[in-house]
Structures are given as structure tokens and as C-alpha cells.
>>> print(open('structure11.cif').read())   # mmCIF, C-alpha atoms
data_start
#
loop_
_atom_site.label_atom_id
_atom_site.label_comp_id
_atom_site.auth_asym_id
_atom_site.auth_seq_id
_atom_site.Cartn_x
_atom_site.Cartn_y
_atom_site.Cartn_z
CA MET G 1 0.00 0.00 0.00
CA ASP G 2 1.27 3.46 -0.88
CA LYS G 3 1.49 5.52 2.34
CA LEU G 4 0.80 8.85 0.63
CA ALA G 5 -2.16 7.39 -1.30
CA SER G 6 -3.53 5.91 1.92
CA GLU G 7 -3.19 9.20 3.83
CA THR G 8 -4.83 11.10 0.99
CA ALA G 9 -7.73 8.62 0.91
CA THR G 10 -8.15 9.03 4.68
CA LEU G 11 -8.35 12.83 4.35
CA ILE G 12 -10.87 12.56 1.50
CA LYS G 13 -13.06 10.13 3.45
CA ALA G 14 -12.99 12.45 6.47
CA ALA G 15 -14.00 15.41 4.28
CA MET G 16 -16.77 13.31 2.74
CA GLU G 17 -18.09 12.39 6.15
CA GLU G 18 -17.94 15.98 7.35
CA SER G 19 -19.76 17.15 4.21
CA GLY G 20 -22.29 14.33 4.34
CA VAL G 21 -21.43 13.28 0.79
CA SER G 22 -21.58 9.62 -0.24
CA ILE G 23 -19.18 7.95 -2.66
CA LEU G 24 -21.91 7.88 -5.31
CA GLU G 25 -22.63 11.59 -4.86
CA LEU G 26 -18.93 12.46 -4.93
CA SER G 27 -18.46 10.37 -8.05
CA GLU G 28 -21.24 12.24 -9.81
CA GLN G 29 -20.25 15.71 -8.58
CA ALA G 30 -16.52 15.29 -9.27
CA GLY G 31 -17.00 13.44 -12.55
CA ILE G 32 -14.89 10.49 -11.43
CA PRO G 33 -16.17 6.99 -12.26
CA ARG G 34 -17.48 5.26 -9.15
CA THR G 35 -15.22 2.23 -9.57
CA THR G 36 -12.16 4.47 -9.90
CA LEU G 37 -13.16 6.38 -6.78
CA TYR G 38 -13.68 3.15 -4.80
CA ARG G 39 -10.24 1.86 -5.85
CA LYS G 40 -8.50 5.09 -4.99
CA LEU G 41 -10.31 5.46 -1.67
CA SER G 42 -8.96 2.02 -0.77
CA GLY G 43 -5.55 3.70 -0.53
CA PHE G 44 -3.81 1.45 -3.03
CA TYR G 45 -3.92 3.89 -5.96
CA PRO G 46 -2.98 7.59 -5.84
CA PHE G 47 -5.23 10.46 -6.83
CA ASP G 48 -3.88 12.85 -9.45
CA LEU G 49 -4.03 16.62 -8.98
CA ASP G 50 -6.97 17.04 -11.37
CA GLU G 51 -9.00 14.51 -9.37
CA LEU G 52 -8.07 16.20 -6.09
CA GLU G 53 -9.17 19.57 -7.46
CA ARG G 54 -12.53 18.17 -8.60
CA ILE G 55 -13.04 16.37 -5.28
CA ALA G 56 -12.16 19.50 -3.30
CA ARG G 57 -14.62 21.56 -5.34
CA ALA G 58 -17.36 18.95 -4.86
CA LEU G 59 -16.74 18.82 -1.10
CA GLY G 60 -16.33 22.57 -0.66
CA VAL G 61 -12.80 22.33 0.75
CA LYS G 62 -9.38 23.55 -0.34
CA VAL G 63 -7.17 21.13 -2.25
CA ALA G 64 -4.53 21.48 0.48
CA ALA G 65 -6.98 19.94 2.95
CA LEU G 66 -6.86 16.73 0.91
CA MET G 67 -3.08 16.55 0.56
CA PRO G 68 -1.31 15.00 3.57
CA VAL G 69 1.94 16.98 3.29
CA LEU G 70 0.17 20.32 2.87
CA ASN G 71 -2.53 19.42 5.38
CA LYS G 72 0.09 18.88 8.11
CA ALA G 73 1.92 22.09 7.22
CA VAL G 74 -1.29 24.14 7.42
CA ALA G 75 -2.63 22.53 10.61
#
>>> encode(input="structure11.cif", output="C-alpha cells")
Amino acid sequence: MDKLASETATLIKAAMEESGVSILELSEQAGIPRTTLYRKLSGFYPFDLDELERIARALGVKVAALMPVLNKAVA
């Protein structure tokens, strides 16, 4: 498992929970296929910057909030 991918997935899942957005809703709002989102939220596959930007927009958060290195620096 990729540590950075896993940490990113954890931050995204926390933002989803806080926003009350399901995987299906996020998939639709971010324009990311549901199966791709499931695989990447498992922490085994990394998100690319474009996906992170679309997810952040859909969840109403800053991209930095979804990036472990930047998230720790900001916190």
C-alpha cells in the first residue's frame, strides 16, 4: 500500500463524512467513475491533482486539505 495514497484517501473520506457526501454523490459531482473512486479510496492507488481539485470543489474544501503533506503544514 502506498502511504501517501492511503493518507490522501483518509483525508478525503474524512471530508466526505464531514460534508455528508456519499461515494456515489462524490463520483457524480466530481465526474470520477465510481469504480475508480472506490479503488483510490482504498488507498492502493494515488489520486492525481486534477482529481483532487474536482473532489475538493465537490466537497467545498481547499485542495490542500486533501493533501497530507500540505494538510500537516497548514494545521
>>> axis_aligned_box(input="structure11.cif", around="segment 33-52 of chain G", padding_each_side="6 Å", output="JSON")
{"center_x": -10.2, "center_y": 9.2, "center_z": -6.4, "size_x": 26.5, "size_y": 27.6, "size_z": 23.7}
>>> residues_around(input="structure11.cif", residues="Glu53 of chain G", least_positions_apart="6", cutoff="12 Å", atoms="all atoms listed in the file", output="list in words")
Ile12, Gln29, Ala30, Gly31, Ile32, Phe47, Leu59, Gly60, Val61, Lys62, Val63, Ala64, Ala65, Leu66 and Met67 of chain G
>>> closest_residue(input="structure11.cif", among="G:Ala56, G:Leu41, G:Glu28, G:Pro68", to="Ala15 of chain G", atoms="all atoms listed in the file")
G:Ala56
>>> atom_distance(input="structure11.cif", atom1="atom CA of Asp2 of chain G", atom2="atom CA of Ser22 of chain G")
23.7 Å
>>> atom_distance(input="structure11.cif", atom1="atom CA of Leu49 of chain G", atom2="atom CA of Gly20 of chain G")
22.7 Å
>>> residues_around(input="structure11.cif", residues="Pro46 of chain G", least_positions_apart="4", cutoff="9 Å", atoms="only C-alpha atoms", output="JSON, numbers by chain")
{"G": [2, 4, 5, 6, 8, 9, 40, 41]}
>>> atom_distance(input="structure11.cif", atom1="atom CA of Ser19 of chain G", atom2="atom CA of Glu51 of chain G")
17.5 Å
>>> closest_residue(input="structure11.cif", among="G:Lys3, G:Val21, G:Tyr38, G:Leu11", to="Leu52 of chain G", atoms="only C-alpha atoms")
G:Leu11
>>> closest_residue(input="structure11.cif", among="G:Glu7, G:Leu26, G:Ile55, G:Glu17", to="Gly43 of chain G", atoms="only C-alpha atoms")
G:Glu7
>>> closest_residue(input="structure11.cif", among="G:Leu37, G:Thr10, G:Asp48, G:Val69", to="Ile23 of chain G", atoms="all atoms listed in the file")
G:Leu37
>>> decode(input="structure11.cif", residues="segment 2-48 of chain G", atoms="N, CA and C atoms", output="short mmCIF file (atom, residue, chain, number, x, y, z; two decimals), in the first residue's frame")
data_model
loop_
_atom_site.label_atom_id
_atom_site.label_comp_id
_atom_site.auth_asym_id
_atom_site.auth_seq_id
_atom_site.Cartn_x
_atom_site.Cartn_y
_atom_site.Cartn_z
N ASP G 2 0.55 2.20 -0.78
CA ASP G 2 1.27 3.46 -0.88
C ASP G 2 0.85 4.34 0.30
N LYS G 3 1.81 4.74 1.13
CA LYS G 3 1.49 5.52 2.34
C LYS G 3 0.83 6.85 1.99
N LEU G 4 1.37 7.57 1.01
CA LEU G 4 0.80 8.85 0.63
C LEU G 4 -0.62 8.68 0.08
N ALA G 5 -0.82 7.66 -0.74
CA ALA G 5 -2.16 7.39 -1.30
C ALA G 5 -3.14 7.06 -0.18
N SER G 6 -2.68 6.29 0.79
CA SER G 6 -3.53 5.91 1.92
C SER G 6 -3.90 7.12 2.77
N GLU G 7 -2.92 7.99 3.03
CA GLU G 7 -3.19 9.20 3.83
C GLU G 7 -4.13 10.15 3.10
N THR G 8 -3.95 10.26 1.79
CA THR G 8 -4.83 11.10 0.99
C THR G 8 -6.25 10.56 1.03
N ALA G 9 -6.40 9.25 0.87
CA ALA G 9 -7.73 8.62 0.91
C ALA G 9 -8.39 8.87 2.26
N THR G 10 -7.61 8.80 3.33
CA THR G 10 -8.15 9.03 4.68
C THR G 10 -8.67 10.46 4.80
N LEU G 11 -7.92 11.43 4.29
CA LEU G 11 -8.35 12.83 4.35
C LEU G 11 -9.62 13.05 3.52
N ILE G 12 -9.68 12.42 2.36
CA ILE G 12 -10.87 12.56 1.50
C ILE G 12 -12.09 11.96 2.19
N LYS G 13 -11.93 10.77 2.76
CA LYS G 13 -13.06 10.13 3.45
C LYS G 13 -13.53 10.97 4.62
N ALA G 14 -12.61 11.59 5.35
CA ALA G 14 -12.99 12.45 6.47
C ALA G 14 -13.76 13.67 5.97
N ALA G 15 -13.31 14.26 4.86
CA ALA G 15 -14.00 15.41 4.28
C ALA G 15 -15.38 15.01 3.76
N MET G 16 -15.47 13.81 3.21
CA MET G 16 -16.77 13.31 2.74
C MET G 16 -17.73 13.17 3.91
N GLU G 17 -17.25 12.58 4.98
CA GLU G 17 -18.09 12.39 6.15
C GLU G 17 -18.55 13.73 6.72
N GLU G 18 -17.61 14.66 6.81
CA GLU G 18 -17.94 15.98 7.35
C GLU G 18 -18.95 16.71 6.47
N SER G 19 -18.85 16.50 5.16
CA SER G 19 -19.76 17.15 4.21
C SER G 19 -21.06 16.39 4.02
N GLY G 20 -21.10 15.15 4.51
CA GLY G 20 -22.29 14.33 4.34
C GLY G 20 -22.48 13.85 2.91
N VAL G 21 -21.38 13.68 2.19
CA VAL G 21 -21.43 13.28 0.79
C VAL G 21 -21.05 11.81 0.67
N SER G 22 -21.86 11.04 -0.03
CA SER G 22 -21.58 9.62 -0.24
C SER G 22 -20.60 9.44 -1.40
N ILE G 23 -20.08 8.24 -1.54
CA ILE G 23 -19.18 7.95 -2.66
C ILE G 23 -19.91 8.15 -3.99
N LEU G 24 -21.14 7.71 -4.07
CA LEU G 24 -21.91 7.88 -5.31
C LEU G 24 -22.09 9.36 -5.64
N GLU G 25 -22.45 10.16 -4.63
CA GLU G 25 -22.63 11.59 -4.86
C GLU G 25 -21.32 12.25 -5.28
N LEU G 26 -20.23 11.89 -4.59
CA LEU G 26 -18.93 12.46 -4.93
C LEU G 26 -18.52 12.07 -6.34
N SER G 27 -18.76 10.83 -6.70
CA SER G 27 -18.46 10.37 -8.05
C SER G 27 -19.18 11.22 -9.09
N GLU G 28 -20.44 11.46 -8.87
CA GLU G 28 -21.24 12.24 -9.81
C GLU G 28 -20.80 13.70 -9.83
N GLN G 29 -20.59 14.29 -8.66
CA GLN G 29 -20.25 15.71 -8.58
C GLN G 29 -18.85 16.00 -9.09
N ALA G 30 -17.91 15.08 -8.86
CA ALA G 30 -16.52 15.29 -9.27
C ALA G 30 -16.25 14.75 -10.67
N GLY G 31 -17.19 14.00 -11.22
CA GLY G 31 -17.00 13.44 -12.55
C GLY G 31 -15.95 12.35 -12.60
N ILE G 32 -15.84 11.59 -11.51
CA ILE G 32 -14.89 10.49 -11.43
C ILE G 32 -15.70 9.19 -11.39
N PRO G 33 -15.41 8.25 -12.27
CA PRO G 33 -16.17 6.99 -12.26
C PRO G 33 -16.17 6.35 -10.87
N ARG G 34 -17.31 5.83 -10.49
CA ARG G 34 -17.48 5.26 -9.15
C ARG G 34 -16.45 4.18 -8.85
N THR G 35 -16.19 3.31 -9.80
CA THR G 35 -15.22 2.23 -9.57
C THR G 35 -13.82 2.79 -9.35
N THR G 36 -13.47 3.82 -10.09
CA THR G 36 -12.16 4.47 -9.90
C THR G 36 -12.09 5.08 -8.51
N LEU G 37 -13.14 5.75 -8.10
CA LEU G 37 -13.16 6.38 -6.78
C LEU G 37 -13.05 5.34 -5.68
N TYR G 38 -13.78 4.23 -5.79
CA TYR G 38 -13.68 3.15 -4.80
C TYR G 38 -12.25 2.64 -4.70
N ARG G 39 -11.62 2.38 -5.86
CA ARG G 39 -10.24 1.86 -5.85
C ARG G 39 -9.27 2.84 -5.21
N LYS G 40 -9.42 4.10 -5.53
CA LYS G 40 -8.50 5.09 -4.99
C LYS G 40 -8.76 5.37 -3.52
N LEU G 41 -10.01 5.29 -3.09
CA LEU G 41 -10.31 5.46 -1.67
C LEU G 41 -9.86 4.27 -0.84
N SER G 42 -9.50 3.17 -1.50
CA SER G 42 -8.96 2.02 -0.77
C SER G 42 -7.53 2.30 -0.31
N GLY G 43 -6.90 3.33 -0.91
CA GLY G 43 -5.55 3.70 -0.53
C GLY G 43 -4.45 3.01 -1.30
N PHE G 44 -4.82 2.18 -2.26
CA PHE G 44 -3.81 1.45 -3.03
C PHE G 44 -3.39 2.20 -4.29
N TYR G 45 -4.20 3.14 -4.74
CA TYR G 45 -3.92 3.89 -5.96
C TYR G 45 -3.97 5.38 -5.65
N PRO G 46 -3.00 6.15 -6.14
CA PRO G 46 -2.98 7.59 -5.84
C PRO G 46 -3.98 8.39 -6.67
N PHE G 47 -4.41 9.50 -6.11
CA PHE G 47 -5.23 10.46 -6.83
C PHE G 47 -4.29 11.40 -7.58
N ASP G 48 -4.69 11.84 -8.77
CA ASP G 48 -3.88 12.85 -9.45
C ASP G 48 -4.41 14.23 -9.06
#
